[in-house]
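Structure file model_25.txt; described as compact mmCIF, C-alpha atoms.
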```txt
# COMPACT_ATOMS: atom_id res chain seq x y z
CA MET A 680 -21.64 -27.77 -31.14
CA SER A 681 -23.60 -25.94 -28.50
CA SER A 682 -26.73 -24.28 -29.89
CA LYS A 683 -26.33 -21.28 -27.57
CA LYS A 684 -23.46 -19.08 -26.41
CA ASN A 685 -23.44 -20.55 -22.93
CA LEU A 686 -20.36 -19.81 -20.84
CA VAL A 687 -18.37 -22.16 -18.66
CA TYR A 688 -17.71 -20.52 -15.29
CA PHE A 689 -14.69 -20.96 -13.06
CA VAL A 690 -16.02 -20.15 -9.59
CA GLY A 691 -14.06 -19.59 -6.41
CA ALA A 692 -15.62 -21.62 -3.61
CA GLY A 693 -13.87 -19.69 -0.86
CA PRO A 694 -11.61 -21.10 1.85
CA GLY A 695 -13.96 -23.54 3.57
CA ASP A 696 -16.91 -21.86 5.23
CA PRO A 697 -19.72 -22.46 2.70
CA GLU A 698 -21.06 -18.97 3.39
CA LEU A 699 -17.82 -17.43 2.12
CA ILE A 700 -18.72 -17.95 -1.52
CA THR A 701 -19.78 -14.84 -3.42
CA VAL A 702 -23.45 -14.19 -4.13
CA LYS A 703 -22.72 -14.56 -7.84
CA GLY A 704 -20.86 -17.81 -7.30
CA LYS A 705 -23.75 -19.27 -5.30
CA ARG A 706 -26.26 -18.22 -7.96
CA LEU A 707 -24.21 -19.87 -10.70
CA LEU A 708 -24.01 -23.08 -8.68
CA ASP A 709 -27.78 -23.08 -8.19
CA GLU A 710 -28.34 -22.54 -11.92
CA ALA A 711 -25.76 -25.08 -13.07
CA ASP A 712 -26.55 -28.33 -14.86
CA VAL A 713 -23.04 -29.73 -14.34
CA VAL A 714 -20.56 -28.93 -11.54
CA ILE A 715 -16.99 -30.22 -11.37
CA TYR A 716 -15.48 -29.46 -7.96
CA THR A 717 -12.17 -30.06 -6.21
CA GLY A 718 -13.44 -32.56 -3.70
CA SER A 719 -10.39 -32.57 -1.45
CA LEU A 720 -11.05 -29.06 -0.14
CA VAL A 721 -14.39 -27.64 -1.31
CA PRO A 722 -16.97 -28.00 1.46
CA LYS A 723 -19.57 -30.66 0.68
CA ALA A 724 -22.32 -28.28 1.81
CA LEU A 725 -21.80 -26.25 -1.37
CA VAL A 726 -22.55 -29.17 -3.69
CA SER A 727 -24.75 -31.52 -1.67
CA SER A 728 -28.13 -29.97 -2.51
CA LEU A 729 -27.61 -28.82 -6.09
CA GLN A 730 -29.87 -29.76 -8.99
CA ALA A 731 -26.72 -30.27 -11.08
CA THR A 732 -24.89 -33.45 -11.91
CA VAL A 733 -21.84 -33.19 -9.65
CA HIS A 734 -18.37 -34.57 -10.42
CA ASN A 735 -15.54 -34.77 -7.88
CA SER A 736 -12.30 -33.95 -9.71
CA ALA A 737 -10.00 -35.16 -6.91
CA GLY A 738 -9.31 -38.42 -8.75
CA LEU A 739 -9.42 -37.02 -12.30
CA ASN A 740 -6.63 -35.77 -14.53
CA LEU A 741 -6.78 -32.67 -16.76
CA ASP A 742 -7.98 -34.52 -19.85
CA GLU A 743 -10.78 -36.22 -17.90
CA VAL A 744 -11.94 -32.95 -16.38
CA PHE A 745 -11.90 -31.22 -19.75
CA SER A 746 -13.79 -34.10 -21.39
CA ILE A 747 -16.68 -33.62 -18.93
CA ILE A 748 -16.68 -29.86 -19.47
CA LYS A 749 -16.49 -30.05 -23.27
CA SER A 750 -19.19 -32.68 -23.70
CA SER A 751 -21.51 -30.85 -21.30
CA TRP A 752 -20.96 -27.50 -22.97
CA GLU A 753 -21.61 -28.99 -26.42
CA LYS A 754 -25.00 -30.15 -25.13
CA GLY A 755 -25.84 -26.57 -24.17
CA LEU A 756 -25.63 -27.28 -20.44
CA ASN A 757 -24.60 -24.73 -17.81
CA VAL A 758 -21.20 -25.79 -16.48
CA VAL A 759 -19.41 -24.60 -13.34
CA ARG A 760 -15.84 -25.55 -12.52
CA LEU A 761 -15.69 -25.00 -8.75
CA HIS A 762 -12.22 -24.28 -7.37
CA THR A 763 -10.94 -23.90 -3.82
CA GLY A 764 -10.42 -20.36 -2.49
CA ASP A 765 -9.79 -17.96 -5.34
CA PRO A 766 -9.18 -19.63 -8.72
CA SER A 767 -6.37 -17.23 -9.61
CA ILE A 768 -4.10 -18.33 -6.73
CA TYR A 769 -2.66 -21.84 -7.17
CA GLY A 770 -5.90 -22.73 -8.96
CA ALA A 771 -4.37 -24.51 -11.99
CA ILE A 772 -6.86 -22.76 -14.24
CA ASN A 773 -4.50 -21.58 -16.99
CA GLU A 774 -4.00 -25.09 -18.33
CA GLN A 775 -7.77 -25.48 -18.53
CA ILE A 776 -8.18 -22.05 -20.12
CA ALA A 777 -5.66 -23.02 -22.82
CA LEU A 778 -7.87 -25.97 -23.76
CA PHE A 779 -10.99 -23.79 -23.72
CA ARG A 780 -9.39 -21.36 -26.14
CA GLU A 781 -8.12 -24.16 -28.35
CA HIS A 782 -11.64 -25.57 -28.65
CA GLY A 783 -13.50 -22.24 -28.79
CA ILE A 784 -15.30 -22.63 -25.46
CA PRO A 785 -16.24 -19.25 -23.92
CA PHE A 786 -15.69 -18.83 -20.20
CA LYS A 787 -15.57 -16.39 -17.31
CA VAL A 788 -13.75 -16.45 -13.96
CA VAL A 789 -15.62 -15.54 -10.78
CA PRO A 790 -13.24 -14.65 -7.94
CA GLY A 791 -13.46 -16.10 -4.46
CA VAL A 792 -12.19 -15.51 -0.94
CA SER A 793 -8.62 -16.77 -0.67
CA SER A 794 -7.35 -18.85 2.23
CA ALA A 795 -4.76 -16.07 2.65
CA THR A 796 -7.37 -13.44 3.44
CA ALA A 797 -9.38 -15.93 5.48
CA SER A 798 -6.24 -16.60 7.52
CA ALA A 799 -5.73 -12.87 8.07
CA ALA A 800 -9.33 -12.63 9.26
CA ALA A 801 -8.80 -15.56 11.63
CA LEU A 802 -5.69 -13.88 13.02
CA GLU A 803 -7.62 -10.61 13.35
CA THR A 804 -4.94 -8.65 11.55
CA GLU A 805 -4.41 -6.33 8.62
CA LEU A 806 -1.78 -7.53 6.18
CA THR A 807 -0.71 -3.99 5.29
CA LEU A 808 0.06 -1.45 8.02
CA PRO A 809 1.44 2.10 7.66
CA GLU A 810 5.17 2.24 8.35
CA VAL A 811 5.25 -1.54 8.96
CA SER A 812 4.52 -3.25 5.64
CA GLN A 813 2.82 -2.04 2.48
CA THR A 814 3.55 -5.20 0.51
CA VAL A 815 2.10 -8.70 0.73
CA ILE A 816 3.87 -11.62 -0.93
CA PHE A 817 1.83 -14.74 -1.78
CA THR A 818 4.22 -17.60 -2.40
CA ARG A 819 5.15 -21.20 -1.65
CA ARG A 820 8.35 -23.14 -1.02
CA GLY A 821 9.61 -25.37 -3.79
CA GLY A 822 9.00 -29.06 -3.27
CA ARG A 823 7.59 -31.62 -5.69
CA THR A 824 6.43 -28.57 -7.62
CA PRO A 825 9.47 -26.31 -8.15
CA VAL A 826 9.49 -22.52 -8.00
CA PRO A 827 11.63 -20.19 -10.14
CA GLU A 828 15.08 -19.76 -8.56
CA LYS A 829 14.67 -15.97 -8.37
CA GLU A 830 11.55 -16.53 -6.24
CA SER A 831 13.14 -18.64 -3.53
CA LEU A 832 11.94 -17.90 -0.01
CA ALA A 833 15.38 -16.64 0.95
CA SER A 834 15.33 -14.16 -1.93
CA LEU A 835 11.82 -12.93 -1.15
CA ALA A 836 12.62 -12.68 2.56
CA SER A 837 15.11 -9.88 1.85
CA HIS A 838 12.14 -7.51 1.52
CA ARG A 839 10.89 -8.35 5.03
CA ALA A 840 7.36 -7.69 3.77
CA THR A 841 4.27 -9.53 4.94
CA MET A 842 4.46 -13.05 3.54
CA MET A 843 1.65 -15.59 3.13
CA ILE A 844 3.15 -18.97 2.35
CA PHE A 845 0.88 -21.58 0.77
CA LEU A 846 1.32 -25.33 0.51
CA SER A 847 4.48 -25.46 2.60
CA VAL A 848 3.64 -26.27 6.21
CA GLY A 849 4.93 -29.82 5.77
CA MET A 850 8.37 -28.27 5.19
CA ILE A 851 8.19 -25.85 8.12
CA ASP A 852 11.83 -26.39 9.20
CA ASP A 853 13.09 -25.54 5.73
CA VAL A 854 10.69 -22.60 5.46
CA VAL A 855 12.02 -21.05 8.67
CA GLN A 856 15.63 -21.69 7.68
CA ASP A 857 15.09 -19.97 4.32
CA LEU A 858 13.30 -16.98 5.84
CA VAL A 859 15.96 -16.35 8.47
CA ALA A 860 18.74 -16.82 5.94
CA GLY A 861 17.02 -14.29 3.69
CA GLY A 862 16.81 -11.55 6.28
CA TYR A 863 13.90 -11.95 8.71
CA PRO A 864 15.08 -11.72 12.35
CA GLU A 865 14.26 -14.79 14.44
CA ASP A 866 11.92 -12.72 16.61
CA THR A 867 9.71 -11.90 13.61
CA PRO A 868 6.09 -12.81 14.43
CA ALA A 869 4.83 -15.90 12.62
CA ALA A 870 1.55 -17.78 12.63
CA VAL A 871 -0.03 -20.84 11.04
CA VAL A 872 -3.75 -21.19 10.42
CA GLU A 873 -4.90 -24.71 9.65
CA LYS A 874 -8.16 -25.04 7.68
CA ALA A 875 -9.01 -21.34 7.85
CA SER A 876 -12.78 -20.76 8.27
CA TRP A 877 -13.58 -24.48 8.69
CA PRO A 878 -15.27 -25.61 11.93
CA ASP A 879 -12.04 -27.33 13.02
CA GLU A 880 -9.78 -24.36 12.25
CA ARG A 881 -6.65 -24.09 14.41
CA GLN A 882 -4.31 -21.15 14.92
CA ILE A 883 -0.75 -21.32 16.17
CA ARG A 884 1.17 -18.11 16.93
CA GLY A 885 4.84 -17.68 17.66
CA THR A 886 7.99 -16.30 16.09
CA LEU A 887 10.40 -17.66 13.55
CA ALA A 888 12.43 -18.92 16.51
CA ASN A 889 9.75 -21.33 17.73
CA ILE A 890 6.99 -21.66 15.13
CA ALA A 891 8.43 -24.89 13.68
CA SER A 892 8.44 -26.67 17.03
CA LEU A 893 4.94 -25.40 17.84
CA ILE A 894 3.61 -26.71 14.53
CA LYS A 895 5.19 -30.12 15.07
CA GLU A 896 3.71 -30.34 18.57
CA ALA A 897 0.29 -29.54 17.11
CA GLY A 898 0.70 -32.19 14.41
CA ILE A 899 -0.14 -29.81 11.56
CA THR A 900 1.18 -31.17 8.26
CA LYS A 901 -1.11 -29.83 5.51
CA THR A 902 -4.05 -27.55 4.63
CA ALA A 903 -2.48 -24.62 6.46
CA MET A 904 -1.30 -21.10 5.72
CA ILE A 905 2.00 -19.79 7.10
CA SER A 906 1.94 -16.04 7.82
CA VAL A 907 5.09 -14.08 8.56
CA GLY A 908 5.73 -10.42 9.29
CA ASP A 909 5.63 -7.60 11.78
CA VAL A 910 1.95 -6.95 10.97
CA LEU A 911 1.18 -10.01 13.11
CA ALA A 912 2.36 -8.33 16.30
CA GLN A 913 -0.59 -8.12 18.69
CA SER A 914 0.06 -4.54 19.70
CA ALA A 915 -1.14 -1.11 18.61
CA PRO A 916 0.26 -0.11 15.21
CA PRO A 917 3.11 2.43 15.28
CA ALA A 918 1.32 4.77 12.87
CA LEU A 919 -2.30 5.40 11.99
CA SER A 920 -3.83 5.37 8.53
CA LYS A 921 -3.99 8.81 6.91
CA LEU A 922 -7.48 7.99 5.64
CA TYR A 923 -9.09 8.67 9.02
CA ASP A 924 -6.52 11.12 10.42
CA SER A 925 -8.43 14.23 11.51
CA GLU A 926 -5.58 16.46 10.29
CA PHE A 927 -5.29 14.86 6.87
CA THR A 928 -7.14 16.38 3.90
CA HIS A 929 -8.38 14.21 1.05
CA GLY A 930 -11.02 14.42 -1.66
CA TYR A 931 -13.92 13.85 0.72
CA ARG A 932 -12.81 15.73 3.83
CA GLN A 933 -10.94 18.89 4.86
CA GLY A 934 -8.41 18.07 7.55
CA SER A 935 -8.26 20.19 10.67
CA GLY A 936 -4.53 20.57 10.41
CA GLN A 937 -4.49 22.04 6.90
CA SER A 938 -6.00 25.22 5.50
```

Rewritten as structure tokens:
Amino acid sequence: MSSKKNLVYFVGAGPGDPELITVKGKRLLDEADVVIYTGSLVPKALVSSLQATVHNSAGLNLDEVFSIIKSSWEKGLNVVRLHTGDPSIYGAINEQIALFREHGIPFKVVPGVSSATASAAALETELTLPEVSQTVIFTRRGGRTPVPEKESLASLASHRATMMIFLSVGMIDDVVQDLVAGGYPEDTPAAVVEKASWPDERQIRGTLANIASLIKEAGITKTAMISVGDVLAQSAPPALSKLYDSEFTHGYRQGSGQS
């Protein structure tokens, strides 16, 4: 058993740009003795110059990953499990956490920049706008990995909120069909960002009426975020935030329109 109470850290690597890791995450990587990273998407720049022994988990199963973590932790080594984006969103960390708890291995999770927020930044938009949408839905379409029936795209589309759809661009025709069937008008703005924040990032903008054909023409089949909602309209918002409204009073400012 480990002679010290060293923690295993789940660290969010961010969406692709190696500078979009948190300061804490970068420090933990630099201090690590062992790093296990998702090699299919984590930028090599984050792991190429580390002092740690580095393992690419792309070809490993859960038991193999956990075996590396457990044996390293028992030796008292500093271990980082480096995940794409933010570990809490499609990060498959709960199954690892269950094993940690079963074996008494202490851990912490360090958040990261999600590909959803990186896509919003690339599109130069705010995902929540007054009187347009105050709700953001992170979801995916069911495929080889199913989703609960009550969370089908058609069901979620009834809210007509901002939607960020992960892991589904290869099913773009079905995605559009579900969204329109659920309640989004065909002229709803839609966009796809491929490899958000990577040097070869691509953005495609359109509406639900044409986004599928645009994506096929571009040859985008994976590693892309689908964004849907009226917040994507490239026009001035219909209402301004109350936070900076000169007439609005809040805890830090007396508004000019109120006594």

Pick from A:Leu893, A:Val788, A:Leu729, A:Ala870, whichever lies nearest to Thr804 in chain A using only C-alpha atoms: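 Closest candidate: A:Ala870.
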
Contacts of range 686-694 of chain A within 6 Å, only C-alpha atoms, excl. fewer than 2 positions in-chain, as number ranges by chain: A: 699-700, 704, 758-766, 785-794

Return as a Markdown table the residues of range 869-898 of chain A lying at most 12 Å from range 707-725 of chain A, together with the closest atom-to-atom pair for each and the distance in Å to one decimal, counting only C-alpha atoms, with rows in chain order and ascending residue number.
```
| residue | atom | partner | partner_atom | distance |
| --- | --- | --- | --- | --- |
| A:Lys874 | CA | A:Leu720 | CA | 9.3 |
| A:Ala875 | CA | A:Leu720 | CA | 11.3 |
| A:Ser876 | CA | A:Pro722 | CA | 10.8 |
| A:Trp877 | CA | A:Pro722 | CA | 8.7 |
| A:Pro878 | CA | A:Pro722 | CA | 10.9 |
```

CA of Lys901 in chain A to CA of Lys705 in chain A, distance in Å rounded to a single decimal: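 Going from CA of Lys901 in chain A over to CA of Lys705 in chain A covers 27.2 Å.
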
Nearest-residue call for Met850 in chain A, choices A:Lys895, A:Lys829, A:Arg881, A:Arg780, using all atoms listed in the file: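 When distances to Met850 in chain A are compared using all atoms listed in the file, the smallest one comes from A:Lys895.
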
Atomic separation - CA of Glu880 in chain A relative to CA of Val726 in chain A, Å: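 Distance between the two atoms: 21.0 Å.
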
Test item: residues at most 10 Å from Gln913 in chain A, all atoms listed in the file, excluding those fewer than 2 positions along its chain, as a list in words: Leu802, Glu803, Thr804, Pro868, Asp909, Val910, Leu911, Ala915 and Pro916 of chain A

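Rounded to one decimal, CA of Met843 in chain A and CA of Arg819 in chain A lie 8.2 Å from each other.
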
Contact residues around Ile883 in chain A with only C-alpha atoms at 9 Å, ignoring same-chain residues under 3 positions, as an MDAnalysis selection string: chainID A and resid 869:873 890 893:894 897

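Distance annotation: of A:Asp742, A:Val815, A:Glu810, A:Ser935, the residue with the minimal separation from Glu774 in chain A is A:Asp742; atom set is only C-alpha atoms.
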
Top pick for closest residue to Ser834 in chain A, considering A:Leu846, A:Ala777, A:Ala860, A:Leu806 and counting only C-alpha atoms: A:Ala860

Return the padded bounding box of range 723-731 of chain A as JSON: axis-aligned, built from all atoms listed in the file, 3 Å added on each side, with centre and edge lengths in Å to one decimal.
```
{"center_x": -24.7, "center_y": -28.9, "center_z": -4.6, "size_x": 16.3, "size_y": 11.3, "size_z": 18.9}
```

For Ser751 in chain A, the nearest of the candidates A:Ile784, A:Ala918, A:Tyr769, A:Arg823, counting all atoms listed in the file: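 Going through A:Ile784, A:Ala918, A:Tyr769, A:Arg823 one by one, the smallest distance to Ser751 in chain A is for A:Ile784.
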